[in-house]
Amino acid sequence: MSVRHPLFRLRSTSFIVSAAAAAAAASAIFGSIACGAAELPAKTLVYCSDASPAGFDPAQYTSSVENSAAAYTVYNRLVEFEHGGTKVEPGLAESWEVSPDGKTYTFHLRHGVKFQTTSFFEPTRAFDADDVVFTFERMLDPNQPFRKAYPVAFPYFTDLRLDKTIERIDRIDAYTVRFKLASVNAPFLSQLAMPFASVLSAQYAQQLLNAGKASEINSAPVGTGPFIFRGYTKDASIRFDGNPNYWKPGAARLRRLIFSITPDAGVREQKLKRNECQVMTYPRPADIASLKADPDLQVPSQAGFNLGYLAYNTTKKPLDNVDVRRALDMAIDKRSILADVYQGAGLIASHPMPPTQWSYDESIADAPRDIAKAKRLLADAGFKDGFEITLWAMPVQRAYNPNARLMAEMIQADWAKIGVKANIVTYEWGEYVKRAHAGEYDTLLIGWTGDYGDPDNWLGVLLGCSAVGGSNFARWCYKPFDDLIVKARETTDTAERTKLYRQAQRIFADQRPFTPIAHSLVYQPLRKEVTGFKIDPFGPTQFWNVGLH
């Protein structure tokens with residue numbers, strides 16, 4: 001007998017059982033899991049974070065703020081990146097197979113994984129295929145009931161063209177799920193390890209839908225992850241409990257985890273030194289020496305897999321003119337920005353991805369700074385006397401940009417030399433990102449930390465046509481470039497993909513939809529007593545395997 005779940009399509013055979021039998025089965029399942037609950041150390045770790053999250057539904061967001069506060073605390077994915085690394089390893093899926101043609105992925109799910117019990121939800125069954133199907137069909141199907149009740153955008157899912165690539169998702173049985181792709185997608189497994197693919201509880205979603213409160217999935221999250229959400233006070237704190245029933249033994253090592261939201265980097269540093277928090281994010285470059293000199297602290301660092309850049313809204317005049325973009329680009333003094341904003345803790349950027357990314361084309365040189373040539377380009381484009389535009393600056397410090405306000409002021413001064421008046425605009429971080437996705441700016445300071453180690457994560461996500469309205473803040477859709485990206489995504493041969501990506505980089509250098517500014521070093525100050533912490537190469541701050549001694 002075929003059964004159709006109210007939240008999504010199920011393509012399987014099921015049997016009807018009595019409510020009493022179902023309850024007895026659930027009791028048996030959860031009774032056995034509860035017996036194995038871990039006794040977590042009576043330790044509380046406070047993390048001085050930098051900004052308030054816009055929400056807790058990972059599918060809606062692309063920022064490390066939300067990823068740290070939800071995706072990597074509350075949730076898991078079918079596959080995960082190894083702790084502190086880029087290798088894909090089993091997550092909620094124990095194993096998987098890929099068909100010879102590269103278009104079918106079959107995942108075998110982990111048994112006995114329990115969704116978290118909170119004050120607003122108590123699960124009566126373990127994680128299974130229904131949860132995976134719900135999670136992805138919500139993003140894939142515009143007519144899916146939960147999506148219709150809570151209509152939001154899924155920027156990363158569409159940026160990656162997964163709304164077009166995934167043809168269907170089949171529930172084979174309770175612990176087997178099959179993805180059928182319309183075309184080959186070389187980085188598909190790595191994409192499934194990303195925050196947007198965090199697996200939700202279909203049972204919890206149904207409860208919210210029945211109560212007419214579907215939007216609460218963004219404010220009251222439930223997952224299978226190492227920490228259980230307990231409460232959020234906007235602009236102040238987020239509180240979590242360690243998950244004693246976490247399926248990965250030893251990964252949850254704290255009884256309590258608190259995000260203390262502290263936008264000012266100087267205040268974060270003082271709190272860390274006073275032991276009011278044990279981990280802080282984004283120190284100011286000028287404070288690194290002082291932090292390293294403190295005997296109570298440790299300051300690990302690594303080269304950042306990131307890019308800070310200035311996007312031109314190519315849908316607005318005169319920024320739709322390539323010569324105007326070239327003029328603005330060559331007027332910017334990147335060396336001074338590196339010295340004053342990054343204080344030397346970085347590398348001047350010339351490409352739309354970092355030099356450690358495979359397929360990076362070293363033969364492409366950055367356009368030299370040339371004020372006289374920039375003026376001539378503007379004059380030839382009909383702007384001899386310049387023009388006036390907005391220049392948006394982020395209100396928060398990011399790994400890829402330690403001081404956006406100062407950077408904006410320096411760019412403002414550079415552009416004044418070629419007759420362009422830039423008016424600096426800023427908003428609270430959540431509002432900044434929301435308005436940026438809506439394309440309200442002329443030019444925008446933003447950046448990116450790689451999410452899955454593939455060139456597509458830079459060239460496709462930041463510059464592809466499908467990413468306009470998502471992470472393509474240049475809002476640039478250029479068919480000769482996009483055709484190369486799509487072809488590379490559907491090719492499995494690395495040499496051929498490299499050739500295509502290098503062609504795309506040459507088009508980028510010519511068309512200049514955004515100006516790459518710098519790749520920064522990443523520092524992570526923490527107290528000496530913190531154990532097991534690793535810097536995530538993709539940007540979020542994670543507390544798996546983290547404890548205190």
# chains A, B, ... in the order shown; residues from 1 in each chain; ligands from 1
>>> residues_around(residues="Thr281 of chain A", least_positions_apart="2", cutoff="9 Å", atoms="only C-alpha atoms", output="CSV table (one decimal) with N, CA, C and O atoms, in the first residue's frame")
chain,number,residue,atom,x,y,z
A,47,TYR,N,31.4,31.5,24.7
A,47,TYR,CA,32.0,31.9,23.5
A,47,TYR,C,31.6,33.3,23.2
A,47,TYR,O,30.4,33.6,23.1
A,48,CYS,N,32.6,34.2,23.1
A,48,CYS,CA,32.3,35.6,22.8
A,48,CYS,C,32.2,35.7,21.2
A,48,CYS,O,33.2,35.8,20.5
A,49,SER,N,31.0,35.7,20.8
A,49,SER,CA,30.7,35.8,19.3
A,49,SER,C,30.5,37.2,18.9
A,49,SER,O,30.5,38.1,19.8
A,50,ASP,N,30.4,37.5,17.6
A,50,ASP,CA,30.5,38.8,17.2
A,50,ASP,C,29.2,39.5,16.7
A,50,ASP,O,29.1,40.7,16.6
A,265,ALA,N,35.3,44.1,19.2
A,265,ALA,CA,36.4,43.2,19.3
A,265,ALA,C,37.2,43.5,20.5
A,265,ALA,O,37.8,42.6,21.1
A,268,ARG,N,35.5,41.9,23.4
A,268,ARG,CA,35.7,40.5,23.4
A,268,ARG,C,37.1,40.1,23.9
A,268,ARG,O,37.2,39.1,24.7
A,279,VAL,N,36.5,31.4,24.7
A,279,VAL,CA,36.8,31.4,23.2
A,279,VAL,C,36.2,32.7,22.7
A,279,VAL,O,35.1,33.1,23.1
A,283,PRO,N,39.7,38.5,16.4
A,283,PRO,CA,40.5,39.6,17.1
A,283,PRO,C,40.9,40.6,16.1
A,283,PRO,O,41.0,40.4,14.9
A,398,ARG,N,34.7,40.4,10.1
A,398,ARG,CA,34.7,39.0,9.6
A,398,ARG,C,36.1,38.5,9.4
A,398,ARG,O,37.1,39.3,9.3
A,399,ALA,N,36.3,37.2,9.2
A,399,ALA,CA,37.7,36.7,9.0
A,399,ALA,C,38.3,37.3,7.8
A,399,ALA,O,39.5,37.6,7.7
A,523,TYR,N,43.0,34.0,13.0
A,523,TYR,CA,43.5,33.8,14.4
A,523,TYR,C,42.3,33.4,15.2
A,523,TYR,O,41.2,33.9,15.1
A,524,GLN,N,42.6,32.4,16.2
A,524,GLN,CA,41.5,32.0,17.1
A,524,GLN,C,42.0,32.0,18.5
A,524,GLN,O,42.5,31.0,19.0
A,525,PRO,N,41.8,33.1,19.2
A,525,PRO,CA,42.2,33.2,20.6
A,525,PRO,C,41.3,32.4,21.5
A,525,PRO,O,40.1,32.4,21.4
A,526,LEU,N,41.9,31.7,22.5
A,526,LEU,CA,41.1,30.9,23.5
A,526,LEU,C,41.9,30.7,24.7
A,526,LEU,O,43.2,30.9,24.7
A,541,THR,N,32.6,28.7,13.7
A,541,THR,CA,33.2,28.2,14.9
A,541,THR,C,32.5,27.0,15.5
A,541,THR,O,31.3,27.1,15.7
>>> residues_around(residues="Leu45 of chain A", least_positions_apart="5", cutoff="8 Å", atoms="only C-alpha atoms", output="ChimeraX atom specification")
/A:254,256-258,277-279,547-548
>>> residues_around(residues="segment 239-252 of chain A", least_positions_apart="5", cutoff="6 Å", atoms="only C-alpha atoms", output="PyMOL selection string")
chain A and resi 37-38+113+226-231+257-258+544-545
>>> write_last_selection(atoms="all heavy atoms", output="mmCIF file, in the first residue's frame")
data_model
loop_
_atom_site.group_PDB
_atom_site.id
_atom_site.type_symbol
_atom_site.label_atom_id
_atom_site.label_comp_id
_atom_site.auth_asym_id
_atom_site.auth_seq_id
_atom_site.Cartn_x
_atom_site.Cartn_y
_atom_site.Cartn_z
ATOM 1 N N ALA A 37 22.439 7.206 27.576
ATOM 2 C CA ALA A 37 22.773 8.622 27.616
ATOM 3 C C ALA A 37 24.103 8.839 28.333
ATOM 4 O O ALA A 37 24.381 8.220 29.360
ATOM 5 C CB ALA A 37 21.665 9.406 28.319
ATOM 6 N N ALA A 38 24.922 9.734 27.785
ATOM 7 C CA ALA A 38 26.240 9.992 28.364
ATOM 8 C C ALA A 38 26.120 10.961 29.536
ATOM 9 O O ALA A 38 25.258 11.845 29.540
ATOM 10 C CB ALA A 38 27.153 10.569 27.296
ATOM 11 N N VAL A 113 19.509 7.039 15.918
ATOM 12 C CA VAL A 113 19.807 8.457 16.159
ATOM 13 C C VAL A 113 18.549 9.147 16.672
ATOM 14 O O VAL A 113 17.480 9.023 16.079
ATOM 15 C CB VAL A 113 20.315 9.144 14.877
ATOM 16 C CG1 VAL A 113 20.485 10.644 15.097
ATOM 17 C CG2 VAL A 113 21.628 8.518 14.422
ATOM 18 N N PRO A 226 25.165 17.908 18.537
ATOM 19 C CA PRO A 226 25.783 17.758 19.855
ATOM 20 C C PRO A 226 25.274 18.712 20.918
ATOM 21 O O PRO A 226 25.548 18.507 22.103
ATOM 22 C CB PRO A 226 27.268 18.005 19.567
ATOM 23 C CG PRO A 226 27.281 18.868 18.349
ATOM 24 C CD PRO A 226 26.111 18.435 17.529
ATOM 25 N N PHE A 227 24.521 19.751 20.512
ATOM 26 C CA PHE A 227 24.015 20.715 21.486
ATOM 27 C C PHE A 227 22.523 20.965 21.268
ATOM 28 O O PHE A 227 22.049 21.017 20.131
ATOM 29 C CB PHE A 227 24.786 22.030 21.405
ATOM 30 C CG PHE A 227 26.229 21.871 21.804
ATOM 31 C CD1 PHE A 227 27.204 21.672 20.844
ATOM 32 C CD2 PHE A 227 26.601 21.882 23.139
ATOM 33 C CE1 PHE A 227 28.535 21.498 21.204
ATOM 34 C CE2 PHE A 227 27.920 21.703 23.514
ATOM 35 C CZ PHE A 227 28.897 21.503 22.544
ATOM 36 N N ILE A 228 21.810 21.137 22.366
ATOM 37 C CA ILE A 228 20.367 21.332 22.352
ATOM 38 C C ILE A 228 20.066 22.802 22.614
ATOM 39 O O ILE A 228 20.527 23.378 23.597
ATOM 40 C CB ILE A 228 19.678 20.470 23.426
ATOM 41 C CG1 ILE A 228 20.021 18.992 23.221
ATOM 42 C CG2 ILE A 228 18.167 20.676 23.408
ATOM 43 C CD1 ILE A 228 19.592 18.098 24.385
ATOM 44 N N PHE A 229 19.320 23.425 21.714
ATOM 45 C CA PHE A 229 18.956 24.837 21.845
ATOM 46 C C PHE A 229 18.045 25.041 23.050
ATOM 47 O O PHE A 229 17.042 24.346 23.213
ATOM 48 C CB PHE A 229 18.236 25.287 20.564
ATOM 49 C CG PHE A 229 17.728 26.702 20.613
ATOM 50 C CD1 PHE A 229 18.559 27.770 20.318
ATOM 51 C CD2 PHE A 229 16.396 26.968 20.938
ATOM 52 C CE1 PHE A 229 18.081 29.076 20.344
ATOM 53 C CE2 PHE A 229 15.915 28.259 20.964
ATOM 54 C CZ PHE A 229 16.761 29.325 20.676
ATOM 55 N N ARG A 230 18.394 26.027 23.899
ATOM 56 C CA ARG A 230 17.584 26.308 25.085
ATOM 57 C C ARG A 230 16.993 27.718 25.096
ATOM 58 O O ARG A 230 15.975 27.941 25.738
ATOM 59 C CB ARG A 230 18.402 26.097 26.356
ATOM 60 C CG ARG A 230 18.789 24.642 26.624
ATOM 61 C CD ARG A 230 17.579 23.731 26.652
ATOM 62 N NE ARG A 230 17.913 22.367 27.095
ATOM 63 C CZ ARG A 230 17.193 21.297 26.792
ATOM 64 N NH1 ARG A 230 16.118 21.407 26.026
ATOM 65 N NH2 ARG A 230 17.549 20.121 27.241
ATOM 66 N N GLY A 231 17.596 28.657 24.397
ATOM 67 C CA GLY A 231 17.014 29.994 24.388
ATOM 68 C C GLY A 231 17.920 31.020 23.742
ATOM 69 O O GLY A 231 19.138 30.837 23.653
ATOM 70 N N LEU A 257 26.782 25.397 26.842
ATOM 71 C CA LEU A 257 27.489 26.228 25.869
ATOM 72 C C LEU A 257 26.702 27.521 25.718
ATOM 73 O O LEU A 257 25.495 27.489 25.451
ATOM 74 C CB LEU A 257 27.603 25.512 24.521
ATOM 75 C CG LEU A 257 28.172 26.323 23.345
ATOM 76 C CD1 LEU A 257 29.614 26.732 23.618
ATOM 77 C CD2 LEU A 257 28.081 25.534 22.046
ATOM 78 N N ILE A 258 27.376 28.656 25.908
ATOM 79 C CA ILE A 258 26.714 29.962 25.834
ATOM 80 C C ILE A 258 27.432 30.833 24.813
ATOM 81 O O ILE A 258 28.657 30.991 24.870
ATOM 82 C CB ILE A 258 26.712 30.666 27.203
ATOM 83 C CG1 ILE A 258 25.957 29.820 28.247
ATOM 84 C CG2 ILE A 258 26.087 32.062 27.102
ATOM 85 C CD1 ILE A 258 26.120 30.311 29.666
ATOM 86 N N TRP A 544 32.240 20.853 18.483
ATOM 87 C CA TRP A 544 32.348 19.401 18.549
ATOM 88 C C TRP A 544 33.716 19.072 19.128
ATOM 89 O O TRP A 544 34.725 19.695 18.780
ATOM 90 C CB TRP A 544 32.254 18.767 17.172
ATOM 91 C CG TRP A 544 31.028 19.059 16.383
ATOM 92 C CD1 TRP A 544 30.017 19.919 16.701
ATOM 93 C CD2 TRP A 544 30.681 18.498 15.118
ATOM 94 N NE1 TRP A 544 29.062 19.927 15.719
ATOM 95 C CE2 TRP A 544 29.443 19.061 14.726
ATOM 96 C CE3 TRP A 544 31.283 17.572 14.279
ATOM 97 C CZ2 TRP A 544 28.801 18.728 13.547
ATOM 98 C CZ3 TRP A 544 30.640 17.242 13.090
ATOM 99 C CH2 TRP A 544 29.420 17.811 12.731
ATOM 100 N N ASN A 545 33.769 18.102 20.025
ATOM 101 C CA ASN A 545 35.019 17.623 20.611
ATOM 102 C C ASN A 545 35.719 18.650 21.489
ATOM 103 O O ASN A 545 36.872 18.444 21.887
ATOM 104 C CB ASN A 545 35.997 17.147 19.524
ATOM 105 C CG ASN A 545 35.428 16.051 18.660
ATOM 106 O OD1 ASN A 545 34.761 15.149 19.154
ATOM 107 N ND2 ASN A 545 35.661 16.122 17.355
#
>>> select_by_dssp(residues="segment 315-398 of chain A", states="strand (DSSP E)", output="VMD selection string")
chain A and resid 346 to 348 387 to 392
>>> closest_atom_pairs(of="segment 504-532 of chain A", to="segment 323-340 of chain A", cutoff="12 Å", atoms="only C-alpha atoms", output="CSV")
residue,atom,partner,partner_atom,distance
A:Phe508,CA,A:Arg326,CA,11.3
A:Ala509,CA,A:Arg326,CA,9.5
A:Asp510,CA,A:Arg326,CA,8.4
A:Gln511,CA,A:Arg326,CA,7.7
A:Arg512,CA,A:Arg325,CA,6.3
A:Pro513,CA,A:Arg325,CA,7.1
A:Phe514,CA,A:Arg325,CA,8.0
A:Thr515,CA,A:Asp329,CA,5.9
A:Pro516,CA,A:Asp329,CA,8.9
A:Ile517,CA,A:Lys334,CA,6.3
A:Ala518,CA,A:Leu338,CA,7.1
A:His519,CA,A:Leu338,CA,9.4
A:Ser520,CA,A:Leu338,CA,9.1
A:Leu521,CA,A:Leu338,CA,11.6
>>> atom_distance(atom1="atom CA of Asp385 of chain A", atom2="atom CA of Ile446 of chain A")
28.0 Å
>>> residues_around(residues="Arg284 of chain A", least_positions_apart="6", cutoff="9 Å", atoms="only C-alpha atoms", output="PyMOL selection string")
chain A and resi 265-266+269+342+397+402-403
>>> write_last_selection(atoms="N, CA, C and O atoms", output="short mmCIF file (atom, residue, chain, number, x, y, z; two decimals), in the first residue's frame")
data_model
loop_
_atom_site.label_atom_id
_atom_site.label_comp_id
_atom_site.auth_asym_id
_atom_site.auth_seq_id
_atom_site.Cartn_x
_atom_site.Cartn_y
_atom_site.Cartn_z
N ALA A 265 35.27 44.09 19.15
CA ALA A 265 36.41 43.19 19.27
C ALA A 265 37.25 43.48 20.51
O ALA A 265 37.79 42.57 21.14
N GLY A 266 37.37 44.75 20.88
CA GLY A 266 38.12 45.11 22.07
C GLY A 266 37.48 44.58 23.34
O GLY A 266 38.15 44.11 24.26
N GLU A 269 38.10 40.86 23.58
CA GLU A 269 39.45 40.58 24.08
C GLU A 269 39.52 40.70 25.59
O GLU A 269 40.09 39.84 26.28
N TYR A 342 44.37 45.15 7.26
CA TYR A 342 44.80 43.81 7.65
C TYR A 342 46.09 43.83 8.46
O TYR A 342 46.48 42.82 9.03
N GLN A 397 33.01 42.59 12.18
CA GLN A 397 34.30 42.10 11.75
C GLN A 397 34.13 40.67 11.25
O GLN A 397 33.43 39.87 11.84
N PRO A 402 38.74 42.52 8.58
CA PRO A 402 38.77 42.89 10.00
C PRO A 402 38.22 44.26 10.32
O PRO A 402 37.93 44.55 11.48
N ASN A 403 38.07 45.13 9.32
CA ASN A 403 37.57 46.49 9.59
C ASN A 403 36.97 47.07 8.32
O ASN A 403 37.61 47.81 7.58
#
>>> residues_around(residues="Ala408 of chain A", least_positions_apart="3", cutoff="8 Å", atoms="only C-alpha atoms", output="PDB file with N, CA and C atoms, in the first residue's frame")
ATOM      1  N   LEU A 391      28.366  53.163  -1.127  1.00  0.00           N
ATOM      2  CA  LEU A 391      29.369  52.159  -0.800  1.00  0.00           C
ATOM      3  C   LEU A 391      28.988  51.566   0.550  1.00  0.00           C
ATOM      4  N   TRP A 392      28.525  50.320   0.535  1.00  0.00           N
ATOM      5  CA  TRP A 392      28.054  49.682   1.772  1.00  0.00           C
ATOM      6  C   TRP A 392      29.220  49.026   2.501  1.00  0.00           C
ATOM      7  N   ALA A 393      29.254  49.239   3.824  1.00  0.00           N
ATOM      8  CA  ALA A 393      30.304  48.678   4.675  1.00  0.00           C
ATOM      9  C   ALA A 393      29.671  47.829   5.768  1.00  0.00           C
ATOM     10  N   ALA A 404      35.709  46.736   8.060  1.00  0.00           N
ATOM     11  CA  ALA A 404      35.065  47.151   6.810  1.00  0.00           C
ATOM     12  C   ALA A 404      34.871  48.664   6.755  1.00  0.00           C
ATOM     13  N   ARG A 405      34.628  49.287   7.902  1.00  0.00           N
ATOM     14  CA  ARG A 405      34.420  50.742   7.907  1.00  0.00           C
ATOM     15  C   ARG A 405      35.687  51.471   7.441  1.00  0.00           C
ATOM     16  N   ILE A 411      38.641  53.319   0.398  1.00  0.00           N
ATOM     17  CA  ILE A 411      38.150  53.228  -0.977  1.00  0.00           C
ATOM     18  C   ILE A 411      37.444  54.524  -1.368  1.00  0.00           C
ATOM     19  N   GLN A 412      36.700  55.091  -0.437  1.00  0.00           N
ATOM     20  CA  GLN A 412      36.026  56.375  -0.673  1.00  0.00           C
ATOM     21  C   GLN A 412      37.052  57.440  -1.083  1.00  0.00           C
ATOM     22  N   ILE A 424      29.056  56.315   2.185  1.00  0.00           N
ATOM     23  CA  ILE A 424      29.149  55.066   2.955  1.00  0.00           C
ATOM     24  C   ILE A 424      27.843  54.808   3.698  1.00  0.00           C
ATOM     25  N   LEU A 445      30.816  45.992   0.295  1.00  0.00           N
ATOM     26  CA  LEU A 445      31.918  45.230   0.878  1.00  0.00           C
ATOM     27  C   LEU A 445      31.348  43.964   1.495  1.00  0.00           C
TER      28      LEU A 445
END
>>> residues_around(residues="Phe121 of chain A", least_positions_apart="4", cutoff="8 Å", atoms="only C-alpha atoms", output="ChimeraX atom specification")
/A:117,204,222
>>> write_last_selection(atoms="C-alpha atoms", output="PDB file, in the first residue's frame")
ATOM      1  CA  THR A 117      13.924  16.691  23.345  1.00  0.00           C
ATOM      2  CA  TYR A 204       8.605  18.463  14.479  1.00  0.00           C
ATOM      3  CA  VAL A 222      15.437  20.882  16.766  1.00  0.00           C
TER       4      VAL A 222
END
>>> residues_around(residues="segment 62-65 of chain A", least_positions_apart="5", cutoff="10 Å", atoms="only C-alpha atoms", output="NGL selection string")
:A and (49-56 or 70-72 or 154-156 or 194-196 or 398-399 or 429-430 or 433 or 447-449 or 451 or 470-471 or 538-541)
>>> atom_distance(atom1="atom CA of Ile535 of chain A", atom2="atom CA of Gln270 of chain A")
21.3 Å
>>> decode(residues="segment 48-124 of chain A", atoms="C-alpha atoms", output="compact mmCIF listing (two decimals), in the first residue's frame")
# COMPACT_ATOMS: atom_id res chain seq x y z
CA CYS A 48 32.31 35.61 22.76
CA SER A 49 30.70 35.76 19.33
CA ASP A 50 30.51 38.85 17.17
CA ALA A 51 26.94 39.19 15.89
CA SER A 52 23.34 38.15 16.38
CA PRO A 53 22.10 35.41 14.07
CA ALA A 54 19.27 36.28 11.71
CA GLY A 55 17.72 32.90 12.53
CA PHE A 56 18.30 29.23 13.24
CA ASP A 57 17.09 27.55 10.04
CA PRO A 58 20.36 26.66 8.26
CA ALA A 59 18.76 26.36 4.82
CA GLN A 60 17.98 30.09 4.79
CA TYR A 61 21.45 31.48 5.47
CA THR A 62 24.96 31.57 4.08
CA SER A 63 26.77 33.44 6.87
CA SER A 64 29.12 31.85 9.41
CA VAL A 65 27.15 33.65 12.14
CA GLU A 66 24.11 31.44 11.56
CA ASN A 67 26.22 28.39 10.74
CA SER A 68 28.02 28.61 14.08
CA ALA A 69 24.82 29.26 16.02
CA ALA A 70 22.70 26.52 14.44
CA ALA A 71 24.12 24.24 11.75
CA TYR A 72 27.16 23.10 13.72
CA THR A 73 25.56 23.05 17.17
CA VAL A 74 21.98 21.79 16.79
CA TYR A 75 22.12 19.89 13.50
CA ASN A 76 23.85 17.19 11.48
CA ARG A 77 23.99 16.37 7.78
CA LEU A 78 24.02 13.13 5.78
CA VAL A 79 27.76 13.52 5.40
CA GLU A 80 30.09 15.77 7.40
CA PHE A 81 33.44 17.44 6.96
CA GLU A 82 35.99 15.96 9.32
CA HIS A 83 36.63 18.04 12.43
CA GLY A 84 38.98 20.86 11.41
CA GLY A 85 39.42 19.49 7.88
CA THR A 86 37.95 19.27 4.41
CA LYS A 87 37.59 15.51 3.99
CA VAL A 88 34.01 14.21 3.69
CA GLU A 89 33.13 11.47 6.18
CA PRO A 90 29.92 9.67 7.21
CA GLY A 91 27.34 11.64 9.18
CA LEU A 92 23.71 10.66 9.47
CA ALA A 93 24.44 8.39 6.52
CA GLU A 94 26.72 5.50 7.47
CA SER A 95 27.61 4.73 3.86
CA TRP A 96 26.62 5.48 0.27
CA GLU A 97 27.04 4.35 -3.32
CA VAL A 98 27.24 6.34 -6.54
CA SER A 99 26.00 4.85 -9.80
CA PRO A 100 28.48 4.38 -12.68
CA ASP A 101 26.93 7.30 -14.59
CA GLY A 102 27.37 9.60 -11.56
CA LYS A 103 23.68 10.53 -11.43
CA THR A 104 22.32 8.35 -8.62
CA TYR A 105 23.43 8.54 -4.97
CA THR A 106 22.09 5.96 -2.52
CA PHE A 107 22.55 6.70 1.20
CA HIS A 108 22.25 4.13 3.98
CA LEU A 109 21.17 5.90 7.16
CA ARG A 110 22.42 5.48 10.69
CA HIS A 111 20.11 3.60 13.07
CA GLY A 112 19.15 4.72 16.59
CA VAL A 113 19.81 8.46 16.16
CA LYS A 114 17.55 10.49 18.40
CA PHE A 115 16.18 13.97 17.72
CA GLN A 116 16.58 16.33 20.67
CA THR A 117 13.92 16.69 23.34
CA THR A 118 13.17 20.33 24.20
CA SER A 119 10.52 22.32 26.02
CA PHE A 120 8.69 22.73 22.70
CA PHE A 121 9.13 19.26 21.15
CA GLU A 122 9.36 15.66 22.33
CA PRO A 123 10.09 13.13 19.57
CA THR A 124 8.31 9.77 19.50
